[in-house]
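Undergrad: data04.csv is reproduced in full below (CSV, C-alpha atoms).
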```csv
chain,number,residue,atom,x,y,z
A,91,MET,CA,-14.3,-14.2,-28.7
A,92,PRO,CA,-11.3,-14.3,-26.3
A,93,THR,CA,-10.2,-17.7,-25.2
A,94,LEU,CA,-9.9,-18.8,-21.5
A,95,GLU,CA,-6.1,-18.3,-21.8
A,96,GLU,CA,-6.5,-14.8,-23.1
A,97,ARG,CA,-9.0,-13.9,-20.4
A,98,LEU,CA,-6.7,-15.2,-17.7
A,99,GLN,CA,-3.7,-13.6,-19.2
A,100,ARG,CA,-5.5,-10.2,-19.1
A,101,LEU,CA,-6.2,-10.6,-15.4
A,102,GLU,CA,-2.6,-11.7,-14.7
A,103,ASN,CA,-1.3,-8.7,-16.6
A,104,ILE,CA,-3.5,-6.3,-14.5
A,105,GLU,CA,-2.2,-8.0,-11.3
A,106,GLU,CA,1.4,-7.7,-12.4
A,107,ILE,CA,1.0,-4.0,-13.2
A,108,ARG,CA,-0.7,-3.5,-9.8
A,109,ARG,CA,2.2,-5.2,-8.1
A,110,LEU,CA,4.7,-3.0,-10.1
A,111,LYS,CA,3.0,0.2,-8.8
A,112,ILE,CA,3.1,-1.0,-5.2
A,113,ILE,CA,6.7,-2.0,-5.4
A,114,TYR,CA,7.4,1.5,-6.7
A,115,ALA,CA,5.6,2.9,-3.7
A,116,GLN,CA,7.6,0.7,-1.3
A,117,TYR,CA,11.0,1.8,-2.9
A,118,CYS,CA,9.9,5.4,-2.6
A,119,ASP,CA,9.0,4.9,1.0
A,120,ASN,CA,12.3,3.2,1.8
A,121,ASN,CA,14.2,6.4,1.2
A,122,TYR,CA,13.7,6.6,-2.5
A,123,GLN,CA,16.2,3.9,-3.4
A,124,PRO,CA,17.5,5.2,-6.8
A,125,GLY,CA,18.9,1.9,-8.2
A,126,PRO,CA,15.8,-0.2,-7.5
A,127,LEU,CA,13.5,2.5,-8.6
A,128,ALA,CA,15.3,3.0,-11.9
A,129,SER,CA,15.1,-0.7,-12.6
A,130,LEU,CA,11.3,-0.5,-12.7
A,131,PHE,CA,11.5,1.8,-15.8
A,132,THR,CA,12.3,1.1,-19.5
A,133,GLU,CA,15.6,2.5,-20.9
A,134,ASN,CA,13.8,5.5,-22.5
A,135,ALA,CA,11.2,6.0,-19.9
A,136,VAL,CA,9.9,9.4,-18.8
A,137,TRP,CA,8.9,10.5,-15.3
A,138,GLU,CA,7.2,13.9,-14.9
A,139,MET,CA,5.5,15.9,-12.3
A,140,GLY,CA,4.7,19.6,-12.9
A,141,PRO,CA,6.6,21.4,-10.2
A,142,LEU,CA,9.2,18.7,-9.6
A,143,GLY,CA,10.2,18.5,-13.3
A,144,ARG,CA,10.5,16.1,-16.2
A,145,PHE,CA,13.2,13.3,-16.4
A,146,GLU,CA,14.0,11.3,-19.6
A,147,GLY,CA,15.8,8.0,-19.6
A,148,ARG,CA,16.7,5.6,-16.8
A,149,GLN,CA,19.8,7.5,-15.7
A,150,ALA,CA,18.0,10.8,-15.4
A,151,ILE,CA,15.2,9.1,-13.4
A,152,ARG,CA,17.8,7.5,-11.2
A,153,ASP,CA,19.5,10.8,-10.5
A,154,PHE,CA,16.2,12.4,-9.8
A,155,PHE,CA,15.3,9.9,-7.1
A,156,ALA,CA,18.7,10.2,-5.6
A,157,ASP,CA,18.1,13.9,-5.2
A,158,VAL,CA,14.5,13.6,-3.9
A,159,SER,CA,15.5,11.8,-0.8
A,160,LYS,CA,17.4,14.8,0.4
A,161,ARG,CA,14.2,16.9,0.6
A,162,PHE,CA,11.6,14.1,1.2
A,163,THR,CA,13.1,12.6,4.4
A,164,PHE,CA,9.9,10.6,5.1
A,165,ALA,CA,7.1,9.5,2.8
A,166,LEU,CA,4.2,7.0,2.7
A,167,HIS,CA,2.7,6.5,-0.7
A,168,TYR,CA,-0.9,5.3,-0.4
A,169,MET,CA,-1.7,4.0,-3.9
A,170,CYS,CA,-5.3,3.1,-4.7
A,171,GLY,CA,-8.1,3.5,-7.2
A,172,HIS,CA,-6.3,1.9,-10.2
A,173,VAL,CA,-7.9,1.6,-13.6
A,174,ILE,CA,-5.7,-0.4,-15.9
A,175,ASP,CA,-6.2,-1.2,-19.6
A,176,ILE,CA,-4.1,-3.8,-21.4
A,177,ALA,CA,-3.7,-3.2,-25.1
A,178,SER,CA,-4.5,-5.9,-27.6
A,179,SER,CA,-0.8,-6.4,-28.2
A,180,GLY,CA,-0.6,-7.8,-24.6
A,181,THR,CA,2.7,-5.9,-24.1
A,182,GLU,CA,1.5,-2.4,-23.7
A,183,ALA,CA,-0.9,-0.9,-21.1
A,184,THR,CA,-2.1,2.3,-19.6
A,185,GLY,CA,-3.2,3.0,-16.1
A,186,THR,CA,-4.6,5.7,-13.8
A,187,TRP,CA,-4.1,5.8,-10.0
A,188,TYR,CA,-4.9,7.9,-7.0
A,189,ILE,CA,-2.3,8.6,-4.4
A,190,PHE,CA,-2.6,10.1,-1.0
A,191,GLU,CA,0.8,10.8,0.6
A,192,ALA,CA,2.0,11.8,4.0
A,193,ALA,CA,5.5,13.2,3.7
A,194,THR,CA,8.1,15.2,5.5
A,195,ILE,CA,9.5,17.7,2.9
A,196,ASP,CA,12.3,20.1,3.9
A,197,GLY,CA,11.5,19.2,7.5
A,198,GLN,CA,7.8,20.0,7.3
A,199,ALA,CA,4.9,17.6,7.5
A,200,MET,CA,2.8,17.8,4.3
A,201,PHE,CA,-0.1,16.0,2.7
A,202,VAL,CA,0.1,15.4,-1.0
A,203,ALA,CA,-2.8,14.4,-3.1
A,204,ALA,CA,-2.3,13.5,-6.8
A,205,THR,CA,-3.3,11.2,-9.6
A,206,TYR,CA,-1.1,9.3,-12.0
A,207,GLU,CA,-1.3,8.7,-15.7
A,208,ASP,CA,1.0,5.8,-16.5
A,209,ARG,CA,2.1,3.9,-19.6
A,210,TYR,CA,3.6,0.4,-19.2
A,211,LYS,CA,5.5,-1.9,-21.4
A,212,LYS,CA,6.2,-5.6,-21.0
A,213,VAL,CA,9.9,-6.3,-21.7
A,214,ASN,CA,11.2,-9.8,-21.6
A,215,GLY,CA,8.1,-10.9,-19.7
A,216,LYS,CA,8.3,-8.2,-17.1
A,217,TRP,CA,6.1,-5.1,-16.9
A,218,LEU,CA,8.0,-1.8,-16.6
A,219,PHE,CA,7.0,1.9,-16.5
A,220,GLU,CA,7.4,3.6,-19.8
A,221,ASN,CA,5.8,6.9,-18.8
A,222,VAL,CA,4.8,8.2,-15.4
A,223,LYS,CA,2.9,11.5,-15.2
A,224,VAL,CA,2.0,12.8,-11.8
A,225,ASN,CA,-0.9,15.4,-11.7
A,226,PRO,CA,-0.8,17.0,-8.2
A,227,ALA,CA,-4.2,18.1,-6.7
A,228,PHE,CA,-2.6,19.6,-3.6
A,229,MET,CA,0.7,19.6,-1.7
A,230,THR,CA,-0.2,21.3,1.6
A,231,PRO,CA,1.6,21.9,4.9
A,232,TYR,CA,-0.1,19.9,7.7
A,233,GLU,CA,-1.0,23.0,9.6
A,234,SER,CA,-2.6,24.8,6.6
A,235,GLY,CA,-4.7,22.4,4.6
A,236,TRP,CA,-5.5,22.7,0.9
A,237,VAL,CA,-7.9,25.6,1.1
A,238,LYS,CA,-5.4,27.9,2.9
A,239,GLU,CA,-2.3,26.7,1.0
A,240,ARG,CA,-3.0,24.4,-1.9
A,241,MET,CA,0.4,24.0,-3.6
A,242,ALA,CA,3.3,24.7,-1.3
A,243,GLY,CA,7.0,24.7,-2.6
B,170,MET,CA,4.3,-24.6,-16.8
B,171,PRO,CA,1.3,-23.9,-14.6
B,172,THR,CA,-2.1,-25.1,-15.9
B,173,LEU,CA,-5.0,-22.8,-16.5
B,174,GLU,CA,-6.5,-24.2,-13.3
B,175,GLU,CA,-3.4,-23.4,-11.3
B,176,ARG,CA,-3.2,-19.9,-12.7
B,177,LEU,CA,-6.9,-19.2,-11.9
B,178,GLN,CA,-6.5,-20.7,-8.4
B,179,ARG,CA,-3.7,-18.2,-7.7
B,180,LEU,CA,-5.8,-15.2,-8.7
B,181,GLU,CA,-8.7,-16.6,-6.6
B,182,ASP,CA,-6.3,-17.0,-3.6
B,183,LEU,CA,-5.0,-13.4,-4.1
B,184,ALA,CA,-8.6,-12.1,-4.1
B,185,ALA,CA,-9.6,-14.2,-1.1
B,186,ILE,CA,-6.7,-12.9,1.0
B,187,GLN,CA,-7.4,-9.3,0.1
B,188,ARG,CA,-11.0,-9.8,1.0
B,189,MET,CA,-10.2,-11.5,4.3
B,190,LEU,CA,-8.0,-8.6,5.3
B,191,ARG,CA,-10.6,-6.1,4.5
B,192,GLU,CA,-13.2,-8.1,6.5
B,193,MET,CA,-10.9,-8.1,9.5
B,194,LEU,CA,-10.5,-4.3,9.2
B,195,ASN,CA,-14.2,-3.9,8.9
B,196,ALA,CA,-14.5,-5.8,12.3
B,197,CYS,CA,-11.9,-3.3,13.7
B,198,ASP,CA,-14.1,-0.4,12.6
B,199,GLU,CA,-17.3,-1.7,14.4
B,200,PRO,CA,-15.2,-0.7,16.5
B,201,TYR,CA,-13.0,-3.6,17.6
B,202,ASN,CA,-15.3,-6.6,17.4
B,203,ALA,CA,-12.8,-8.9,19.2
B,204,ASP,CA,-14.6,-12.2,18.3
B,205,ARG,CA,-14.6,-11.4,14.6
B,206,VAL,CA,-11.0,-10.0,14.6
B,207,ALA,CA,-9.5,-13.0,16.5
B,208,ALA,CA,-11.4,-15.5,14.3
B,209,VAL,CA,-9.3,-14.3,11.3
B,210,PHE,CA,-6.1,-15.5,13.0
B,211,THR,CA,-4.9,-19.1,13.1
B,212,GLU,CA,-5.0,-20.7,16.6
B,213,ASP,CA,-1.3,-20.1,17.0
B,214,GLY,CA,-1.5,-16.8,15.3
B,215,VAL,CA,0.8,-13.9,16.3
B,216,MET,CA,0.0,-10.2,16.3
B,217,GLU,CA,3.2,-8.2,16.6
B,218,LEU,CA,2.6,-4.5,17.2
B,219,GLY,CA,6.1,-3.3,18.2
B,220,PRO,CA,5.7,-0.7,21.0
B,221,LEU,CA,2.0,-1.5,21.2
B,222,GLY,CA,2.8,-5.1,22.3
B,223,ARG,CA,3.1,-8.7,21.0
B,224,TYR,CA,0.3,-11.2,21.3
B,225,GLU,CA,0.7,-14.9,20.7
B,226,GLY,CA,-2.3,-17.2,20.1
B,227,ARG,CA,-5.9,-16.4,19.4
B,228,ALA,CA,-6.9,-15.9,23.0
B,229,ALA,CA,-4.1,-13.3,23.6
B,230,ILE,CA,-5.1,-11.6,20.4
B,231,HIS,CA,-8.7,-11.5,21.5
B,232,GLY,CA,-7.7,-9.9,24.8
B,233,ALA,CA,-5.6,-7.3,23.0
B,234,ILE,CA,-8.5,-6.3,20.8
B,235,VAL,CA,-10.8,-6.0,23.8
B,236,ASP,CA,-8.2,-3.7,25.5
B,237,VAL,CA,-7.7,-1.5,22.4
B,238,GLY,CA,-11.5,-1.2,22.1
B,239,ARG,CA,-11.6,0.4,25.6
B,240,ARG,CA,-9.3,3.2,24.4
B,241,ILE,CA,-10.4,3.6,20.8
B,242,LEU,CA,-14.2,4.2,20.6
B,243,PHE,CA,-14.2,5.3,17.0
B,244,THR,CA,-12.0,4.5,14.0
B,245,ARG,CA,-11.8,4.0,10.3
B,246,HIS,CA,-9.2,1.7,8.8
B,247,TYR,CA,-8.1,2.4,5.2
B,248,GLN,CA,-5.8,-0.2,3.5
B,249,CYS,CA,-4.1,-0.4,0.2
B,250,GLY,CA,-0.9,-1.6,-1.5
B,251,HIS,CA,-1.6,-5.2,-0.6
B,252,LEU,CA,1.2,-7.3,-2.2
B,253,ILE,CA,0.8,-11.0,-1.8
B,254,GLU,CA,2.9,-14.0,-2.8
B,255,ILE,CA,1.3,-17.4,-2.7
B,256,GLU,CA,3.9,-20.1,-2.0
B,257,ALA,CA,4.3,-23.3,-4.1
B,258,SER,CA,2.3,-25.3,-1.5
B,259,GLY,CA,-0.7,-23.2,-2.3
B,260,VAL,CA,-1.7,-23.1,1.4
B,261,GLU,CA,0.8,-20.6,2.7
B,262,ALA,CA,1.4,-17.0,1.6
B,263,THR,CA,3.2,-13.8,2.6
B,264,GLY,CA,2.0,-10.3,2.2
B,265,SER,CA,2.6,-6.6,2.9
B,266,TRP,CA,0.2,-3.7,3.0
B,267,TYR,CA,-0.3,0.0,3.9
B,268,GLY,CA,-2.8,1.2,6.6
B,269,PHE,CA,-4.1,4.6,7.4
B,270,GLU,CA,-6.4,5.1,10.4
B,271,THR,CA,-8.5,7.9,12.0
B,272,PRO,CA,-9.0,6.7,15.6
B,273,THR,CA,-10.4,8.6,18.5
B,274,LEU,CA,-7.8,7.5,21.0
B,275,ASP,CA,-8.5,8.3,24.7
B,276,GLY,CA,-10.9,10.9,23.5
B,277,ARG,CA,-8.4,12.6,21.0
B,278,ALA,CA,-8.6,12.6,17.2
B,279,VAL,CA,-5.4,10.9,16.0
B,280,PHE,CA,-4.0,10.0,12.6
B,281,GLY,CA,-2.3,6.6,12.4
B,282,ALA,CA,0.0,5.4,9.6
B,283,PHE,CA,1.3,1.9,9.5
B,284,THR,CA,2.8,-0.7,7.2
B,285,TYR,CA,2.4,-4.5,7.7
B,286,ARG,CA,4.2,-7.7,6.9
B,287,ASP,CA,2.0,-10.8,7.1
B,288,ARG,CA,2.1,-14.6,6.8
B,289,TYR,CA,-1.1,-16.3,5.8
B,290,ARG,CA,-2.2,-19.9,6.0
B,291,LYS,CA,-5.1,-21.7,4.2
B,292,VAL,CA,-7.0,-23.8,6.9
B,293,GLY,CA,-10.0,-25.8,5.8
B,294,GLY,CA,-10.2,-23.8,2.6
B,295,ARG,CA,-10.2,-20.5,4.4
B,296,TRP,CA,-7.3,-18.0,4.4
B,297,LEU,CA,-6.3,-16.9,7.9
B,298,ILE,CA,-3.5,-14.7,9.3
B,299,ALA,CA,-0.7,-16.7,10.8
B,300,GLU,CA,1.3,-13.6,11.7
B,301,MET,CA,0.8,-9.9,11.4
B,302,GLU,CA,3.7,-7.6,12.0
B,303,GLN,CA,2.8,-3.9,12.3
B,304,THR,CA,5.3,-1.0,11.9
B,305,THR,CA,4.0,2.3,13.2
B,306,HIS,CA,5.2,5.3,11.2
B,307,PHE,CA,3.2,7.8,13.1
B,308,LEU,CA,0.3,8.0,15.5
B,309,THR,CA,-0.1,11.7,15.8
B,310,PRO,CA,-2.8,13.9,17.4
B,311,TYR,CA,-4.8,15.8,14.8
B,312,GLU,CA,-3.6,19.1,16.2
B,313,SER,CA,0.1,18.2,16.0
B,314,GLY,CA,1.1,16.3,12.9
B,315,TRP,CA,3.9,13.7,12.7
B,316,VAL,CA,6.8,16.1,12.7
B,317,LYS,CA,5.7,17.8,16.0
B,318,GLU,CA,4.4,14.7,17.7
B,319,PRO,CA,5.1,11.4,15.9
B,320,PHE,CA,3.9,8.9,18.5
B,321,ALA,CA,1.1,9.4,21.1
B,322,TRP,CA,-0.2,6.1,22.4
```
Kindly transcribe the structure held in the file into C-alpha cells.
TA:
Amino acid sequence: MPTLEERLQRLENIEEIRRLKIIYAQYCDNNYQPGPLASLFTENAVWEMGPLGRFEGRQAIRDFFADVSKRFTFALHYMCGHVIDIASSGTEATGTWYIFEAATIDGQAMFVAATYEDRYKKVNGKWLFENVKVNPAFMTPYESGWVKERMAG
Amino acid sequence: MPTLEERLQRLEDLAAIQRMLREMLNACDEPYNADRVAAVFTEDGVMELGPLGRYEGRAAIHGAIVDVGRRILFTRHYQCGHLIEIEASGVEATGSWYGFETPTLDGRAVFGAFTYRDRYRKVGGRWLIAEMEQTTHFLTPYESGWVKEPFAW
C-alpha cells in the first residue's frame, strides 16, 4: 500500500514531467533556442524523428536544434494528450504525447501531426529527457492537406 | 520543507486554475457569453489583446466580449500547454498557455493561433484572472494560411 507521501510524490512527478514538455515546446517556438533546449536533456540523451534524423548526446542535440531554426522559421507546438508512467524507482519515467503543429518550413505553411514516445530521468531532483522519439502522422503543406500530400519534405 | 498539506494544496490550486481557464473558454464557445466570461476576471482585471485592444476592469471586458460576439458567431477554443506557478502567498499565480481557435469571423472561416501570459488571484477561495495578455501568432482565413495572410481581423 503506497503511503500518502508516495501518492503525492507520484502526482508531483507527473506534473514536473508535464511542465518539462511544455517548456520544451516554448523553447522550440522561440526560434528553437539550442542552449536552453539542450539543457533539458541528459548527457547521453537521444532525439529522433524518422525523416529529420537521429541525434545522440547533448551536443549533437544542441547542433540539431541550431540547424532546425534555419528551415522552421515559425512554429507553434500544441502538446496535449499526455500519458505518463513513473517507474517504481521514482527516478525514471515514460510518456506518450500528441502534438499538432503549425509551422513555416522552407517558407511554406505546413501542418504537422505527430506523437511522441519519451523516456525521462530525474537527475539531481530535476526531470530531463533521456529519449525523445517523434512518430510523424503527417507533415502537409497548408494548401494540400494530408490526403493529397501526407509527408512533404 | 513544505508539508504534505502544502504540497497537496499546490496541486489542487494548479488543477483549479486549469479548470477555471477551461470554463472561461467554454463560455467563449457558447459563443461569447459575456456575463460568464467577465465573471472569471477580477474587478480590476485586464484583458490585453494587442492589436485587438486593451480592456481594463470587468465592465470594459464585458463590453469587449459583447462586441466580439457580434463578429464571431461560431468558434471553438482549444487550449493546452498551461504552465502555472503558484506564488509563495498561495493567493497569486502566473501562467502561460497555448490557444488554437476556429472562429467564423464576419462570416469567414478563420484559424487563430495565440499564446497567453496570465496573472491569477485567489479571491474568496476562487481563482480568477487578474490579467490576460494575448499574443496573436496568426488569424488567417481558411483559404489562405498564415504565410499568405497572417492577420485578418
Undergrad: Quick one: residues within 9 Å of Leu218 (chain B), only C-alpha atoms counted, chain neighbours fewer than 5 positions away excluded, as a PyMOL selection string?
TA: chain B and resi 223-224+301-305
Undergrad: Please produce a file of the residues just selected, as a short mmCIF file (atom, residue, chain, number, x, y, z; two decimals), in the coordinates of the input, where the atoms kept are C-alpha atoms.
TA:
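Written out: result_36.cif:
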```cif
data_model
loop_
_atom_site.label_atom_id
_atom_site.label_comp_id
_atom_site.auth_asym_id
_atom_site.auth_seq_id
_atom_site.Cartn_x
_atom_site.Cartn_y
_atom_site.Cartn_z
CA ARG B 223 3.10 -8.70 21.00
CA TYR B 224 0.30 -11.20 21.30
CA MET B 301 0.80 -9.90 11.40
CA GLU B 302 3.70 -7.60 12.00
CA GLN B 303 2.80 -3.90 12.30
CA THR B 304 5.30 -1.00 11.90
CA THR B 305 4.00 2.30 13.20
#
```
Undergrad: Quick one: distance from CA of Met216 (chain B) to CA of Asp236 (chain B) in Å, one decimal?
TA: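 Between CA of Met216 (chain B) and CA of Asp236 (chain B) the gap works out to 13.9 Å.
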Undergrad: Within 8 Å of chain A, which residues belong to chain B? Use all atoms listed in the file and report them as a ChimeraX atom specification.
TA: /B:173,176-177,180,249-252,267,314-316
Undergrad: When you draw a straight line from CA of Gly235 (chain A) to CA of Phe201 (chain A), how long is it in Å?
TA: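 Computing it gives 8.1 Å between the two atoms.
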Undergrad: Give me, as a list in words, all polymer residues having an atom no more than 9 Å from Pro200 (chain B), counting only C-alpha atoms and skipping those fewer than 4 positions away in the same chain.
TA: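 That gives Asn195, Ala196, Gly238, Ile241, Leu242, Phe243, Thr244 and Arg245 of chain B.
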Undergrad: Of the residues A:Phe145, A:Tyr122, A:Trp187, A:Tyr117, which is the one nearest to Arg209 (chain A), using all atoms listed in the file?
TA: A:Trp187
Undergrad: For CA of Ala156 (chain A) and CA of Phe190 (chain A), quote the distance in Å rounded to one decimal.
TA: 21.8 Å
Undergrad: Which residue, A:Trp137, A:Phe154, A:Phe162, A:Tyr210, has the smallest gap to Asp175 (chain A) when you use all atoms listed in the file?
TA: A:Tyr210
Undergrad: Just the residues within 9 Å of Leu190 (chain B), please, counting all atoms listed in the file, with nothing from its chain fewer than 4 positions along; format it as a list in words.
TA: Ala185, Ile186, Leu194, Asn195, Val209, Gln248, Leu297 and Ile298 of chain B
Undergrad: Give as a PyMOL selection string each residue that has an atom at most 6 Å from (5.7, -0.6, 7.5) in the file, counting all atoms listed in the file.
TA: chain B and resi 283-285+304
Undergrad: Hey, what's within 7 Å of Glu300 (chain B) if we count all atoms listed in the file and toss same-chain stuff fewer than 3 positions away? As a list in words, please?
TA: Gly214, Val215, Met216, Asp287, Arg288 and Tyr289 of chain B
Undergrad: Taking N, CA, C and O atoms as the atom set, what does region 205-224 of chain A look like once completed, written as a tab-separated table (two decimals), keeping the file's coordinate frame?
TA:
```
chain	number	residue	atom	x	y	z
A	205	THR	N	-2.96	12.38	-8.82
A	205	THR	CA	-3.30	11.20	-9.60
A	205	THR	C	-2.18	10.95	-10.58
A	205	THR	O	-1.36	11.84	-10.87
A	206	TYR	N	-2.10	9.71	-11.04
A	206	TYR	CA	-1.10	9.30	-12.00
A	206	TYR	C	-1.73	8.91	-13.31
A	206	TYR	O	-2.79	8.29	-13.32
A	207	GLU	N	-1.01	9.25	-14.41
A	207	GLU	CA	-1.30	8.70	-15.70
A	207	GLU	C	-0.10	7.92	-16.13
A	207	GLU	O	0.96	8.53	-16.33
A	208	ASP	N	-0.21	6.60	-16.22
A	208	ASP	CA	1.00	5.80	-16.50
A	208	ASP	C	0.84	5.10	-17.87
A	208	ASP	O	-0.26	4.78	-18.34
A	209	ARG	N	2.00	4.82	-18.50
A	209	ARG	CA	2.10	3.90	-19.60
A	209	ARG	C	3.07	2.80	-19.24
A	209	ARG	O	4.11	3.10	-18.64
A	210	TYR	N	2.73	1.57	-19.53
A	210	TYR	CA	3.60	0.40	-19.20
A	210	TYR	C	3.96	-0.35	-20.40
A	210	TYR	O	3.23	-0.36	-21.40
A	211	LYS	N	5.11	-1.05	-20.30
A	211	LYS	CA	5.50	-1.90	-21.40
A	211	LYS	C	6.06	-3.21	-20.83
A	211	LYS	O	6.77	-3.21	-19.83
A	212	LYS	N	5.70	-4.32	-21.46
A	212	LYS	CA	6.20	-5.60	-21.00
A	212	LYS	C	7.45	-5.96	-21.77
A	212	LYS	O	7.42	-6.13	-22.99
A	213	VAL	N	8.57	-6.01	-21.07
A	213	VAL	CA	9.90	-6.30	-21.70
A	213	VAL	C	10.44	-7.56	-21.12
A	213	VAL	O	10.64	-7.68	-19.91
A	214	ASN	N	10.67	-8.53	-22.02
A	214	ASN	CA	11.20	-9.80	-21.60
A	214	ASN	C	10.29	-10.42	-20.46
A	214	ASN	O	10.79	-10.90	-19.44
A	215	GLY	N	9.00	-10.33	-20.65
A	215	GLY	CA	8.10	-10.90	-19.70
A	215	GLY	C	7.82	-10.13	-18.43
A	215	GLY	O	7.04	-10.57	-17.57
A	216	LYS	N	8.47	-8.96	-18.30
A	216	LYS	CA	8.30	-8.20	-17.10
A	216	LYS	C	7.72	-6.81	-17.41
A	216	LYS	O	8.18	-6.12	-18.33
A	217	TRP	N	6.70	-6.43	-16.66
A	217	TRP	CA	6.10	-5.10	-16.90
A	217	TRP	C	6.95	-4.03	-16.24
A	217	TRP	O	7.38	-4.15	-15.09
A	218	LEU	N	7.19	-2.96	-17.03
A	218	LEU	CA	8.00	-1.80	-16.60
A	218	LEU	C	7.21	-0.52	-16.84
A	218	LEU	O	6.29	-0.52	-17.69
A	219	PHE	N	7.60	0.56	-16.17
A	219	PHE	CA	7.00	1.90	-16.50
A	219	PHE	C	7.69	2.44	-17.72
A	219	PHE	O	8.92	2.46	-17.82
A	220	GLU	N	6.87	2.91	-18.66
A	220	GLU	CA	7.40	3.60	-19.80
A	220	GLU	C	7.23	5.10	-19.65
A	220	GLU	O	8.07	5.88	-20.08
A	221	ASN	N	6.12	5.49	-19.01
A	221	ASN	CA	5.80	6.90	-18.80
A	221	ASN	C	5.04	7.04	-17.52
A	221	ASN	O	4.03	6.35	-17.35
A	222	VAL	N	5.49	7.90	-16.61
A	222	VAL	CA	4.80	8.20	-15.40
A	222	VAL	C	4.52	9.68	-15.30
A	222	VAL	O	5.47	10.46	-15.30
A	223	LYS	N	3.26	10.07	-15.30
A	223	LYS	CA	2.90	11.50	-15.20
A	223	LYS	C	2.11	11.71	-13.94
A	223	LYS	O	1.06	11.09	-13.76
A	224	VAL	N	2.62	12.56	-13.05
A	224	VAL	CA	2.00	12.80	-11.80
A	224	VAL	C	1.22	14.16	-11.90
A	224	VAL	O	1.84	15.18	-12.25
```
